[in-house]
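Asks: Quick one, target.pdb (PDB, C-alpha atoms and all ligand atoms):
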```
ATOM      1  CA  MET A  29      22.607  20.399 -34.978
ATOM      2  CA  ILE A  30      21.843  17.202 -33.107
ATOM      3  CA  SER A  31      19.277  17.519 -30.344
ATOM      4  CA  TYR A  32      18.077  14.625 -28.237
ATOM      5  CA  LEU A  33      15.417  16.784 -26.611
ATOM      6  CA  PRO A  34      11.902  15.553 -27.394
ATOM      7  CA  TYR A  35       9.061  18.032 -27.905
ATOM      8  CA  PRO A  36       6.267  17.658 -25.359
ATOM      9  CA  VAL A  37       3.024  16.524 -27.000
ATOM     10  CA  ARG A  38      -0.446  15.556 -25.739
ATOM     11  CA  ILE A  39      -2.482  12.597 -26.947
ATOM     12  CA  ASP A  40      -5.542  14.212 -28.507
ATOM     13  CA  GLU A  41      -7.212  11.104 -29.906
ATOM     14  CA  ILE A  42      -6.662   7.340 -30.014
ATOM     15  CA  LYS A  43      -8.237   5.154 -32.686
ATOM     16  CA  VAL A  44      -8.183   1.369 -32.581
ATOM     17  CA  GLU A  45      -7.502   0.479 -36.210
ATOM     18  CA  THR A  46      -7.706  -3.314 -36.444
ATOM     19  CA  GLU A  47     -10.012  -6.105 -35.283
ATOM     20  CA  ASP A  48      -7.298  -7.654 -33.114
ATOM     21  CA  GLY A  49      -6.807  -4.334 -31.258
ATOM     22  CA  ASN A  50      -3.052  -4.467 -31.835
ATOM     23  CA  LEU A  51      -2.823  -1.392 -34.049
ATOM     24  CA  LYS A  52      -3.807   2.024 -32.778
ATOM     25  CA  THR A  53      -3.439   5.456 -34.346
ATOM     26  CA  PHE A  54      -2.374   8.210 -31.964
ATOM     27  CA  LYS A  55      -3.159  11.823 -32.806
ATOM     28  CA  LEU A  56      -0.593  13.992 -31.052
ATOM     29  CA  VAL A  57      -0.715  17.764 -30.615
ATOM     30  CA  PHE A  58       2.205  19.967 -29.648
ATOM     31  CA  GLU A  59       2.074  21.633 -26.249
ATOM     32  CA  ASN A  60       4.232  24.483 -27.517
ATOM     33  CA  GLU A  61       2.973  26.591 -30.431
ATOM     34  CA  THR A  62       6.470  27.623 -31.566
ATOM     35  CA  GLN A  63       7.544  23.975 -31.753
ATOM     36  CA  ARG A  64       4.364  23.116 -33.677
ATOM     37  CA  LYS A  65       5.133  25.790 -36.267
ATOM     38  CA  ALA A  66       8.782  24.758 -36.515
ATOM     39  CA  TRP A  67       7.907  21.095 -37.267
ATOM     40  CA  LYS A  68       8.314  20.351 -41.000
ATOM     41  CA  HIS A  69       8.398  16.827 -42.346
ATOM     42  CA  VAL A  70       8.134  15.059 -45.685
ATOM     43  CA  PRO A  71       6.223  11.793 -46.197
ATOM     44  CA  GLY A  72       8.421   8.795 -45.439
ATOM     45  CA  GLN A  73      10.223  10.368 -42.499
ATOM     46  CA  PHE A  74       9.943   9.006 -38.977
ATOM     47  CA  ALA A  75      10.120  10.331 -35.431
ATOM     48  CA  MET A  76      11.255   8.982 -32.075
ATOM     49  CA  LEU A  77       8.300   8.646 -29.696
ATOM     50  CA  SER A  78       9.341   8.808 -26.055
ATOM     51  CA  LEU A  79       7.480   7.639 -22.989
ATOM     52  CA  ALA A  80       8.825   8.713 -19.636
ATOM     53  CA  GLY A  81      10.376   5.799 -17.778
ATOM     54  CA  GLN A  82       9.825   3.407 -20.708
ATOM     55  CA  GLY A  83      12.068   4.442 -23.595
ATOM     56  CA  GLU A  84      12.115   5.807 -27.122
ATOM     57  CA  ILE A  85      11.026   4.093 -30.348
ATOM     58  CA  PRO A  86      11.223   5.000 -34.060
ATOM     59  CA  ILE A  87       7.790   5.228 -35.693
ATOM     60  CA  GLY A  88       6.938   6.366 -39.222
ATOM     61  CA  ILE A  89       4.930   9.583 -39.472
ATOM     62  CA  ALA A  90       1.481   8.565 -40.719
ATOM     63  CA  SER A  91       0.158  12.083 -41.249
ATOM     64  CA  SER A  92       0.865  14.224 -44.278
ATOM     65  CA  PRO A  93       2.551  17.597 -43.817
ATOM     66  CA  THR A  94      -0.653  19.007 -45.324
ATOM     67  CA  GLU A  95      -2.624  17.838 -42.255
ATOM     68  CA  GLU A  96      -1.597  20.749 -40.103
ATOM     69  CA  GLY A  97      -1.827  21.109 -36.340
ATOM     70  CA  HIS A  98      -1.218  17.501 -35.338
ATOM     71  CA  LEU A  99       0.832  14.381 -36.046
ATOM     72  CA  LEU A 100      -0.468  10.839 -36.544
ATOM     73  CA  PHE A 101       1.407   7.652 -35.653
ATOM     74  CA  THR A 102      -0.026   4.167 -36.145
ATOM     75  CA  VAL A 103       1.617   1.778 -33.720
ATOM     76  CA  ASN A 104       1.660  -2.015 -33.605
ATOM     77  CA  ARG A 105       1.851  -3.467 -30.103
ATOM     78  CA  ALA A 106       5.191  -5.302 -30.336
ATOM     79  CA  GLY A 107       6.986  -5.090 -26.969
ATOM     80  CA  LYS A 108       7.851  -2.890 -24.001
ATOM     81  CA  VAL A 109       7.405   0.683 -25.254
ATOM     82  CA  THR A 110       4.628   0.019 -27.767
ATOM     83  CA  THR A 111       2.619  -1.865 -25.099
ATOM     84  CA  ALA A 112       3.063   1.048 -22.674
ATOM     85  CA  LEU A 113       1.903   3.438 -25.408
ATOM     86  CA  HIS A 114      -1.155   1.283 -26.106
ATOM     87  CA  GLN A 115      -2.060   1.618 -22.418
ATOM     88  CA  MET A 116      -2.010   5.428 -22.490
ATOM     89  CA  HIS A 117      -5.141   7.559 -22.608
ATOM     90  CA  MET A 118      -6.320  10.736 -24.284
ATOM     91  CA  GLY A 119      -4.969  13.841 -22.582
ATOM     92  CA  GLU A 120      -1.755  12.170 -21.383
ATOM     93  CA  ARG A 121       1.615  13.643 -22.311
ATOM     94  CA  MET A 122       4.608  12.123 -24.051
ATOM     95  CA  GLY A 123       7.521  13.257 -26.255
ATOM     96  CA  VAL A 124       8.266  13.394 -29.981
ATOM     97  CA  ARG A 125      11.743  13.887 -31.417
ATOM     98  CA  GLY A 126      12.218  14.576 -35.111
ATOM     99  CA  PRO A 127      11.424  14.634 -37.943
ATOM    100  CA  LEU A 128      14.190  12.145 -38.791
ATOM    101  CA  GLY A 129      15.486  10.383 -41.898
ATOM    102  CA  ASN A 130      15.196  11.322 -45.545
ATOM    103  CA  GLY A 131      11.608  10.557 -46.675
ATOM    104  CA  PHE A 132      10.313   9.885 -50.176
ATOM    105  CA  PRO A 133      11.581  12.110 -53.054
ATOM    106  CA  ILE A 134       8.289  14.018 -53.462
ATOM    107  CA  ASP A 135      10.026  17.133 -54.829
ATOM    108  CA  THR A 136      12.653  15.435 -56.971
ATOM    109  CA  ASP A 137      12.395  11.987 -58.539
ATOM    110  CA  MET A 138       8.614  11.697 -57.993
ATOM    111  CA  LYS A 139       7.665  15.113 -59.401
ATOM    112  CA  GLY A 140       5.753  14.937 -62.676
ATOM    113  CA  LYS A 141       5.791  11.134 -62.714
ATOM    114  CA  ASN A 142       3.184   8.395 -62.395
ATOM    115  CA  ILE A 143       3.308   7.092 -58.831
ATOM    116  CA  VAL A 144       2.664   3.469 -57.905
ATOM    117  CA  ILE A 145       2.251   2.851 -54.179
ATOM    118  CA  ILE A 146       2.323  -0.776 -53.009
ATOM    119  CA  ALA A 147       1.735  -1.552 -49.328
ATOM    120  CA  GLY A 148       1.311  -4.656 -47.214
ATOM    121  CA  GLY A 149       0.088  -4.799 -43.617
ATOM    122  CA  PHE A 150       0.839  -1.929 -41.262
ATOM    123  CA  ALA A 151       3.791  -0.749 -43.356
ATOM    124  CA  VAL A 152       1.147   1.364 -45.116
ATOM    125  CA  THR A 153       1.523   4.129 -42.483
ATOM    126  CA  THR A 154       4.004   6.459 -44.218
ATOM    127  CA  LEU A 155       2.384   5.633 -47.555
ATOM    128  CA  ARG A 156      -0.900   7.001 -46.185
ATOM    129  CA  ALA A 157       0.994  10.226 -45.502
ATOM    130  CA  THR A 158       2.384  10.120 -49.041
ATOM    131  CA  LEU A 159      -0.950   9.471 -50.746
ATOM    132  CA  ILE A 160      -2.641  12.331 -48.881
ATOM    133  CA  TYR A 161       0.234  14.635 -49.809
ATOM    134  CA  LEU A 162       0.016  13.609 -53.485
ATOM    135  CA  MET A 163      -3.752  14.135 -53.541
ATOM    136  CA  GLU A 164      -3.256  17.634 -52.091
ATOM    137  CA  HIS A 165      -0.725  18.391 -54.862
ATOM    138  CA  ARG A 166      -2.534  16.436 -57.548
ATOM    139  CA  GLN A 167      -1.406  18.638 -60.461
ATOM    140  CA  ASP A 168       2.278  17.927 -59.723
ATOM    141  CA  TYR A 169       2.035  14.172 -60.354
ATOM    142  CA  GLY A 170       0.768  11.846 -63.083
ATOM    143  CA  LYS A 171      -1.405   8.785 -62.576
ATOM    144  CA  ILE A 172      -1.555   7.520 -58.983
ATOM    145  CA  THR A 173      -2.008   3.788 -58.386
ATOM    146  CA  PHE A 174      -2.454   2.546 -54.816
ATOM    147  CA  ILE A 175      -2.281  -1.198 -54.099
ATOM    148  CA  TYR A 176      -2.753  -2.199 -50.458
ATOM    149  CA  GLY A 177      -3.360  -5.558 -48.840
ATOM    150  CA  ALA A 178      -3.927  -6.991 -45.380
ATOM    151  CA  ARG A 179      -4.564 -10.490 -44.060
ATOM    152  CA  THR A 180      -8.292  -9.906 -43.423
ATOM    153  CA  PRO A 181     -10.750  -7.031 -43.985
ATOM    154  CA  GLY A 182     -10.570  -6.290 -40.255
ATOM    155  CA  MET A 183      -6.796  -5.824 -40.451
ATOM    156  CA  LEU A 184      -6.985  -3.030 -43.046
ATOM    157  CA  LEU A 185      -5.928   0.318 -41.583
ATOM    158  CA  TYR A 186      -7.664   3.650 -42.261
ATOM    159  CA  GLN A 187     -10.911   2.003 -43.386
ATOM    160  CA  ASN A 188     -13.007   5.202 -43.536
ATOM    161  CA  GLU A 189     -10.362   6.860 -45.679
ATOM    162  CA  LEU A 190     -10.098   3.849 -47.987
ATOM    163  CA  GLN A 191     -13.822   4.237 -48.682
ATOM    164  CA  GLU A 192     -13.395   7.942 -49.423
ATOM    165  CA  TRP A 193     -10.373   7.375 -51.679
ATOM    166  CA  ALA A 194     -12.309   4.677 -53.576
ATOM    167  CA  LYS A 195     -14.821   7.355 -54.650
ATOM    168  CA  ARG A 196     -12.126   9.482 -56.306
ATOM    169  CA  ASP A 197     -11.549   9.117 -60.018
ATOM    170  CA  ASP A 198      -7.996  10.484 -59.863
ATOM    171  CA  VAL A 199      -6.582   7.601 -57.794
ATOM    172  CA  ASP A 200      -6.564   4.002 -59.037
ATOM    173  CA  LEU A 201      -7.207   2.065 -55.828
ATOM    174  CA  HIS A 202      -6.789  -1.725 -55.407
ATOM    175  CA  ILE A 203      -7.494  -3.000 -51.898
ATOM    176  CA  THR A 204      -7.058  -6.710 -51.290
ATOM    177  CA  VAL A 205      -7.200  -9.303 -48.509
ATOM    178  CA  ASP A 206      -5.386 -12.638 -48.388
ATOM    179  CA  ARG A 207      -8.470 -14.882 -48.255
ATOM    180  CA  GLU A 208     -12.227 -14.761 -48.879
ATOM    181  CA  ALA A 209     -14.053 -13.373 -45.851
ATOM    182  CA  PRO A 210     -17.736 -12.944 -44.931
ATOM    183  CA  GLY A 211     -19.040  -9.566 -46.124
ATOM    184  CA  TRP A 212     -15.943  -8.820 -48.246
ATOM    185  CA  ASP A 213     -16.705  -8.291 -51.927
ATOM    186  CA  GLY A 214     -13.399  -6.641 -52.824
ATOM    187  CA  LEU A 215     -10.215  -8.142 -54.243
ATOM    188  CA  VAL A 216      -8.841 -11.391 -52.816
ATOM    189  CA  GLY A 217      -5.184 -12.331 -53.250
ATOM    190  CA  PHE A 218      -1.707 -11.517 -52.008
ATOM    191  CA  VAL A 219      -0.263  -8.103 -52.812
ATOM    192  CA  PRO A 220       2.324  -9.447 -55.327
ATOM    193  CA  THR A 221      -0.438 -11.250 -57.266
ATOM    194  CA  ILE A 222      -2.586  -8.127 -57.402
ATOM    195  CA  ALA A 223       0.440  -6.020 -58.406
ATOM    196  CA  GLY A 224       1.032  -8.491 -61.255
ATOM    197  CA  GLN A 225      -2.617  -8.244 -62.355
ATOM    198  CA  VAL A 226      -2.682  -4.432 -62.186
ATOM    199  CA  ALA A 227       0.635  -4.399 -64.082
ATOM    200  CA  PRO A 228       1.324  -0.653 -63.719
ATOM    201  CA  SER A 229       3.322   0.748 -66.614
ATOM    202  CA  PRO A 230       6.934   1.604 -65.748
ATOM    203  CA  GLU A 231       6.976   4.463 -68.250
ATOM    204  CA  ASN A 232       7.802   7.765 -66.516
ATOM    205  CA  SER A 233       6.904   6.067 -63.224
ATOM    206  CA  VAL A 234       8.202   5.566 -59.705
ATOM    207  CA  ALA A 235       7.081   2.856 -57.254
ATOM    208  CA  LEU A 236       7.099   3.131 -53.461
ATOM    209  CA  ILE A 237       6.909  -0.324 -51.860
ATOM    210  CA  CYS A 238       6.551  -0.930 -48.113
ATOM    211  CA  GLY A 239       5.669  -4.198 -46.445
ATOM    212  CA  PRO A 240       7.082  -7.362 -44.958
ATOM    213  CA  PRO A 241      10.316  -8.518 -46.712
ATOM    214  CA  ILE A 242       8.544 -11.550 -48.167
ATOM    215  CA  MET A 243       5.940  -9.306 -49.812
ATOM    216  CA  ILE A 244       8.630  -7.080 -51.317
ATOM    217  CA  LYS A 245      10.556 -10.121 -52.543
ATOM    218  CA  PHE A 246       7.564 -11.513 -54.450
ATOM    219  CA  THR A 247       6.304  -8.138 -55.690
ATOM    220  CA  MET A 248       9.465  -7.399 -57.645
ATOM    221  CA  PRO A 249       9.400 -10.250 -60.251
ATOM    222  CA  PRO A 250       5.984  -9.313 -61.758
ATOM    223  CA  LEU A 251       7.129  -5.685 -61.940
ATOM    224  CA  GLU A 252      10.503  -6.603 -63.476
ATOM    225  CA  LYS A 253       8.695  -8.740 -66.037
ATOM    226  CA  ILE A 254       6.931  -5.655 -67.391
ATOM    227  CA  GLY A 255      10.070  -3.521 -67.455
ATOM    228  CA  TRP A 256      10.460  -1.927 -64.022
ATOM    229  CA  THR A 257      14.090  -1.292 -63.027
ATOM    230  CA  ASP A 258      15.660  -1.079 -59.540
ATOM    231  CA  ASP A 259      16.240   2.675 -59.899
ATOM    232  CA  GLN A 260      12.502   3.288 -60.153
ATOM    233  CA  VAL A 261      11.654   1.445 -56.935
ATOM    234  CA  TYR A 262      11.881   2.995 -53.453
ATOM    235  CA  LEU A 263      11.823   0.868 -50.299
ATOM    236  CA  SER A 264      11.801   1.874 -46.632
ATOM    237  CA  LEU A 265      13.991  -0.092 -44.196
ATOM    238  CA  GLU A 266      13.130  -0.674 -40.532
ATOM    239  CA  ASN A 267      16.393  -1.461 -38.767
ATOM    240  CA  ARG A 268      16.600  -1.236 -35.014
ATOM    241  CA  MET A 269      17.753   2.239 -34.047
ATOM    242  CA  LYS A 270      18.574   4.221 -30.943
ATOM    243  CA  CYS A 271      19.662   7.799 -31.656
ATOM    244  CA  GLY A 272      17.926   8.207 -35.020
ATOM    245  CA  GLU A 273      20.464  10.865 -35.979
ATOM    246  CA  GLY A 274      23.431   8.915 -37.325
ATOM    247  CA  VAL A 275      25.548   8.983 -34.178
ATOM    248  CA  CYS A 276      25.200   5.692 -32.309
ATOM    249  CA  CYS A 277      25.455   3.349 -35.356
ATOM    250  CA  HIS A 278      22.872   0.855 -33.978
ATOM    251  CA  CYS A 279      21.163   0.795 -37.371
ATOM    252  CA  ASN A 280      24.197   0.627 -39.641
ATOM    253  CA  VAL A 281      24.462  -1.816 -42.538
ATOM    254  CA  GLY A 282      28.082  -1.636 -43.568
ATOM    255  CA  PRO A 283      28.865   2.071 -43.936
ATOM    256  CA  THR A 284      25.189   2.974 -44.442
ATOM    257  CA  LEU A 285      23.249   4.472 -41.548
ATOM    258  CA  VAL A 286      19.595   3.585 -42.063
ATOM    259  CA  CYS A 287      18.358   6.365 -39.746
ATOM    260  CA  LYS A 288      20.237   9.138 -41.511
ATOM    261  CA  ASP A 289      20.948   7.949 -45.063
ATOM    262  CA  GLY A 290      17.462   6.354 -45.141
ATOM    263  CA  PRO A 291      15.100   4.899 -44.144
ATOM    264  CA  VAL A 292      14.093   5.343 -47.809
ATOM    265  CA  PHE A 293      16.449   3.823 -50.393
ATOM    266  CA  THR A 294      16.124   2.884 -54.044
ATOM    267  CA  ARG A 295      16.255  -0.836 -54.719
ATOM    268  CA  THR A 296      19.566  -0.198 -56.475
ATOM    269  CA  GLN A 297      20.983   1.199 -53.220
ATOM    270  CA  VAL A 298      19.547  -1.686 -51.173
ATOM    271  CA  ARG A 299      21.137  -4.211 -53.529
ATOM    272  CA  LYS A 300      24.562  -2.701 -52.788
ATOM    273  CA  LEU A 301      24.152  -3.275 -49.024
ATOM    274  CA  PRO A 302      25.781  -6.336 -47.413
ATOM    275  CA  VAL A 303      24.102  -9.674 -47.976
ATOM    276  CA  GLU A 304      21.534  -9.485 -45.100
ATOM    277  CA  TYR A 305      19.426  -7.337 -47.478
TER
HETATM  278  C1  LIG B   1      12.181   3.889 -39.424
HETATM  279  C2  LIG B   1      11.212   3.001 -38.668
HETATM  280  C3  LIG B   1       9.853   3.226 -38.778
HETATM  281  C4  LIG B   1       8.949   2.422 -38.064
HETATM  282  N1  LIG B   1       7.617   2.680 -38.191
HETATM  283  C5  LIG B   1       6.746   1.977 -37.482
HETATM  284  C6  LIG B   1       5.344   2.296 -37.533
HETATM  285  O1  LIG B   1       4.914   3.213 -38.262
HETATM  286  N2  LIG B   1       4.511   1.574 -36.763
HETATM  287  C7  LIG B   1       4.960   0.557 -35.955
HETATM  288  O2  LIG B   1       4.142  -0.052 -35.269
HETATM  289  N3  LIG B   1       6.260   0.217 -35.895
HETATM  290  C8  LIG B   1       7.162   0.909 -36.617
HETATM  291  N4  LIG B   1       8.498   0.606 -36.529
HETATM  292  C9  LIG B   1       8.933  -0.521 -35.656
HETATM  293  C10 LIG B   1       8.992  -0.051 -34.194
HETATM  294  O3  LIG B   1      10.035   0.899 -34.047
HETATM  295  C11 LIG B   1       9.247  -1.229 -33.260
HETATM  296  O4  LIG B   1       8.156  -2.108 -33.319
HETATM  297  C12 LIG B   1       9.389  -0.722 -31.826
HETATM  298  O5  LIG B   1      10.620  -0.050 -31.691
HETATM  299  C13 LIG B   1       9.323  -1.859 -30.823
HETATM  300  O6  LIG B   1       9.501  -1.291 -29.560
HETATM  301  P1  LIG B   1       9.051  -2.042 -28.225
HETATM  302  O7  LIG B   1       9.791  -1.436 -27.052
HETATM  303  O8  LIG B   1       7.566  -2.074 -28.109
HETATM  304  O9  LIG B   1       9.544  -3.512 -28.488
HETATM  305  P2  LIG B   1      10.763  -4.307 -27.831
HETATM  306  O10 LIG B   1      10.350  -4.708 -26.434
HETATM  307  O11 LIG B   1      12.042  -3.545 -27.988
HETATM  308  O12 LIG B   1      10.798  -5.537 -28.786
HETATM  309  C14 LIG B   1       9.628  -6.343 -29.035
HETATM  310  C15 LIG B   1       9.865  -7.195 -30.247
HETATM  311  O13 LIG B   1       9.957  -6.352 -31.410
HETATM  312  C16 LIG B   1      11.204  -6.593 -32.070
HETATM  313  N5  LIG B   1      11.648  -5.295 -32.645
HETATM  314  C17 LIG B   1      12.013  -4.174 -31.975
HETATM  315  N6  LIG B   1      12.362  -3.199 -32.857
HETATM  316  C18 LIG B   1      12.221  -3.714 -34.091
HETATM  317  C19 LIG B   1      12.441  -3.232 -35.415
HETATM  318  N7  LIG B   1      12.899  -1.995 -35.681
HETATM  319  N8  LIG B   1      12.175  -4.060 -36.437
HETATM  320  C20 LIG B   1      11.750  -5.308 -36.231
HETATM  321  N9  LIG B   1      11.511  -5.832 -35.010
HETATM  322  C21 LIG B   1      11.764  -5.061 -33.961
HETATM  323  C22 LIG B   1      12.119  -7.110 -30.977
HETATM  324  O14 LIG B   1      13.168  -7.913 -31.502
HETATM  325  C23 LIG B   1      11.177  -7.976 -30.169
HETATM  326  O15 LIG B   1      10.964  -9.224 -30.761
HETATM  327  C24 LIG B   1       9.431   1.368 -37.231
HETATM  328  C25 LIG B   1      10.803   1.148 -37.122
HETATM  329  C26 LIG B   1      11.691   1.956 -37.821
HETATM  330  C27 LIG B   1      13.155   1.728 -37.694
END
```
Would you encode the structure as structure tokens?
Ligand SMILES: Cc1cc2nc3c(=O)[nH]c(=O)nc-3n(C[C@H](O)[C@H](O)[C@H](O)COP(=O)(O)OP(=O)(O)OC[C@H]3O[C@@H](n4cnc5c(N)ncnc54)[C@H](O)[C@@H]3O)c2cc1C

Replies:
Amino acid sequence: MISYLPYPVRIDEIKVETEDGNLKTFKLVFENETQRKAWKHVPGQFAMLSLAGQGEIPIGIASSPTEEGHLLFTVNRAGKVTTALHQMHMGERMGVRGPLGNGFPIDTDMKGKNIVIIAGGFAVTTLRATLIYLMEHRQDYGKITFIYGARTPGMLLYQNELQEWAKRDDVDLHITVDREAPGWDGLVGFVPTIAGQVAPSPENSVALICGPPIMIKFTMPPLEKIGWTDDQVYLSLENRMKCGEGVCCHCNVGPTLVCKDGPVFTRTQVRKLPVEY
């Protein structure tokens, strides 16, 4: 059943994520206990965030379903609604509608396989949710490789968590920045270069890749060179959307509705879309 009614939520915490102040993570808690219990999402899904008098925007769910009691959304200040959200304070109320879209195939194609997560910039949000979910269900998956890059060290999201994940011996973590920077002794280089150096084996593996189109474009050749095929690669599309439920067709690409059929697609599926992709 289609419902355009958002759930009322309260902003419980706001964290400024990046040095430029343009990315903030909002921790939202449900006002209604029944609605909180009814909410079930899978990593890779998104929700519509609504601000009274401003509008509604699709934002990927950055929290894992295993982080119970709240939802996290990391939002880049881009325009009207995101700027209004950035101006809100703890304790204020807003709306959340969802969960929407399909999400990553955590219970099907990913189960029992080696998982390679490749993220660039703030597209890492739903991959954070995925990694936390995988770590909570560690026995269900093979080797986990996580490659994540940002322009500068100060533009990396979730910095405290990155440090914690780096201490684990069951996740192969590769964090990189575009250029040398004072105080940074980690990897330096663009995500595609690092992906080529890490060269994750395609055997019994699935890759989830989220980032700017240019990053995705240049990440594929080094993977293809070592045997990765389009069926093994999942991408998440970010078309403009309004209803989020496959009714208004704002997000359609040919017959495909990104909000409902996606936003997660295999690269094989993306290749079949009209030429803009
Ligand atoms: C499935 C999905 C998941 C998303 N997840 C996140 C997320 O986790 N974090 C996040 O910060 N953003 C995310 N976005 C993008 C976010 O929805 C847009 O940035 C937001 O709608 C802009 O709203 P606004 O009113 O602030 O901007 P507007 O005032 O509407 O526009 C400001 C500028 O942003 C451009 N813009 C608006 N929407 C999009 C879009 N979908 N793609 C590219 N450019 C756009 C406009 O052309 C304009 O240049 C996601 C989008 C989709 C479809």

Asks: For range 276-285 of chain A, list every protein, DNA or RNA residue within 10 Å, evaluated using only C-alpha atoms, and leave out those in the same chain fewer than 6 positions away; present the list as a PDB file with C-alpha atoms, keeping the file's coordinate frame.

Replies:
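Result file follows (selection_10.pdb):
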```pdb
ATOM      1  CA  GLY A 129      15.486  10.383 -41.898  1.00  0.00           C
ATOM      2  CA  LEU A 265      13.991  -0.092 -44.196  1.00  0.00           C
ATOM      3  CA  GLU A 266      13.130  -0.674 -40.532  1.00  0.00           C
ATOM      4  CA  ASN A 267      16.393  -1.461 -38.767  1.00  0.00           C
ATOM      5  CA  ARG A 268      16.600  -1.236 -35.014  1.00  0.00           C
ATOM      6  CA  MET A 269      17.753   2.239 -34.047  1.00  0.00           C
ATOM      7  CA  LYS A 270      18.574   4.221 -30.943  1.00  0.00           C
ATOM      8  CA  PRO A 291      15.100   4.899 -44.144  1.00  0.00           C
ATOM      9  CA  GLN A 297      20.983   1.199 -53.220  1.00  0.00           C
ATOM     10  CA  VAL A 298      19.547  -1.686 -51.173  1.00  0.00           C
ATOM     11  CA  LYS A 300      24.562  -2.701 -52.788  1.00  0.00           C
ATOM     12  CA  LEU A 301      24.152  -3.275 -49.024  1.00  0.00           C
ATOM     13  CA  PRO A 302      25.781  -6.336 -47.413  1.00  0.00           C
ATOM     14  CA  VAL A 303      24.102  -9.674 -47.976  1.00  0.00           C
ATOM     15  CA  GLU A 304      21.534  -9.485 -45.100  1.00  0.00           C
ATOM     16  CA  TYR A 305      19.426  -7.337 -47.478  1.00  0.00           C
TER      17      TYR A 305
END
```

Asks: What lies within 7 Å of range 142-159 of chain A using all atoms listed in the file, ignoring chain neighbours under 4 positions off, as a PyMOL selection string?

Replies: chain A and resi 71-72+88-92+102+163+169-178+219+232-240

Asks: Of the candidates A:Thr46, A:Thr180, A:Gln73, A:Gln115, which shows the shortest atom-to-atom distance to ligand LIG 1 (chain B), using all atoms listed in the file?

Replies: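 Residue with the minimum atom-to-atom distance to ligand LIG 1 (chain B): A:Gln73.
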
Asks: If I take CA of Thr257 in chain A and CA of Asp198 in chain A, how far is one from the other in Å, to one decimal?

Replies: 25.2 Å

Asks: Under the PyMOL selection byres (((chain A and resi 105) around 9) and not hetatm), which residues of this model are included? Write them out as a list of chain:residue names.

Replies: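 Given this file, the PyMOL selection byres (((chain A and resi 105) around 9) and not hetatm) evaluates to A:Gly49, A:Asn50, A:Leu51, A:Lys52, A:Val103, A:Asn104, A:Ala106, A:Gly107, A:Lys108, A:Val109, A:Thr110, A:Thr111, A:Ala112, A:Leu113, A:His114.
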
Asks: Got time to write the residues from that selection, C-alpha atoms, as an mmCIF file, in the frame of the given file?

Replies:
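Okay, this is what ended up in selection-v2.cif:
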```
data_model
loop_
_atom_site.group_PDB
_atom_site.id
_atom_site.type_symbol
_atom_site.label_atom_id
_atom_site.label_comp_id
_atom_site.auth_asym_id
_atom_site.auth_seq_id
_atom_site.Cartn_x
_atom_site.Cartn_y
_atom_site.Cartn_z
ATOM 1 C CA GLY A 49 -6.807 -4.334 -31.258
ATOM 2 C CA ASN A 50 -3.052 -4.467 -31.835
ATOM 3 C CA LEU A 51 -2.823 -1.392 -34.049
ATOM 4 C CA LYS A 52 -3.807 2.024 -32.778
ATOM 5 C CA VAL A 103 1.617 1.778 -33.720
ATOM 6 C CA ASN A 104 1.660 -2.015 -33.605
ATOM 7 C CA ALA A 106 5.191 -5.302 -30.336
ATOM 8 C CA GLY A 107 6.986 -5.090 -26.969
ATOM 9 C CA LYS A 108 7.851 -2.890 -24.001
ATOM 10 C CA VAL A 109 7.405 0.683 -25.254
ATOM 11 C CA THR A 110 4.628 0.019 -27.767
ATOM 12 C CA THR A 111 2.619 -1.865 -25.099
ATOM 13 C CA ALA A 112 3.063 1.048 -22.674
ATOM 14 C CA LEU A 113 1.903 3.438 -25.408
ATOM 15 C CA HIS A 114 -1.155 1.283 -26.106
#
```

Asks: Have a look at atom O11 of ligand LIG 1 (chain B) and CA of Glu47 in chain A and let me know their distance in Å, one decimal.

Replies: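 Taking atom O11 of ligand LIG 1 (chain B) as the start and CA of Glu47 in chain A as the end point, the length is 23.4 Å.
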
Asks: Rank nothing, just name the residue among A:Thr296, A:Thr221, A:Asn60, A:Ser264 nearest to ligand LIG 1 (chain B), using only C-alpha atoms and all ligand atoms.

Replies: A:Ser264

Asks: Which of these residues is nearest to ligand LIG 1 (chain B), using all atoms listed in the file: A:Lys43, A:Lys253, A:Arg299, A:Lys288?

Replies: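 Of A:Lys43, A:Lys253, A:Arg299, A:Lys288, the one nearest ligand LIG 1 (chain B) is A:Lys288, counting all atoms listed in the file.
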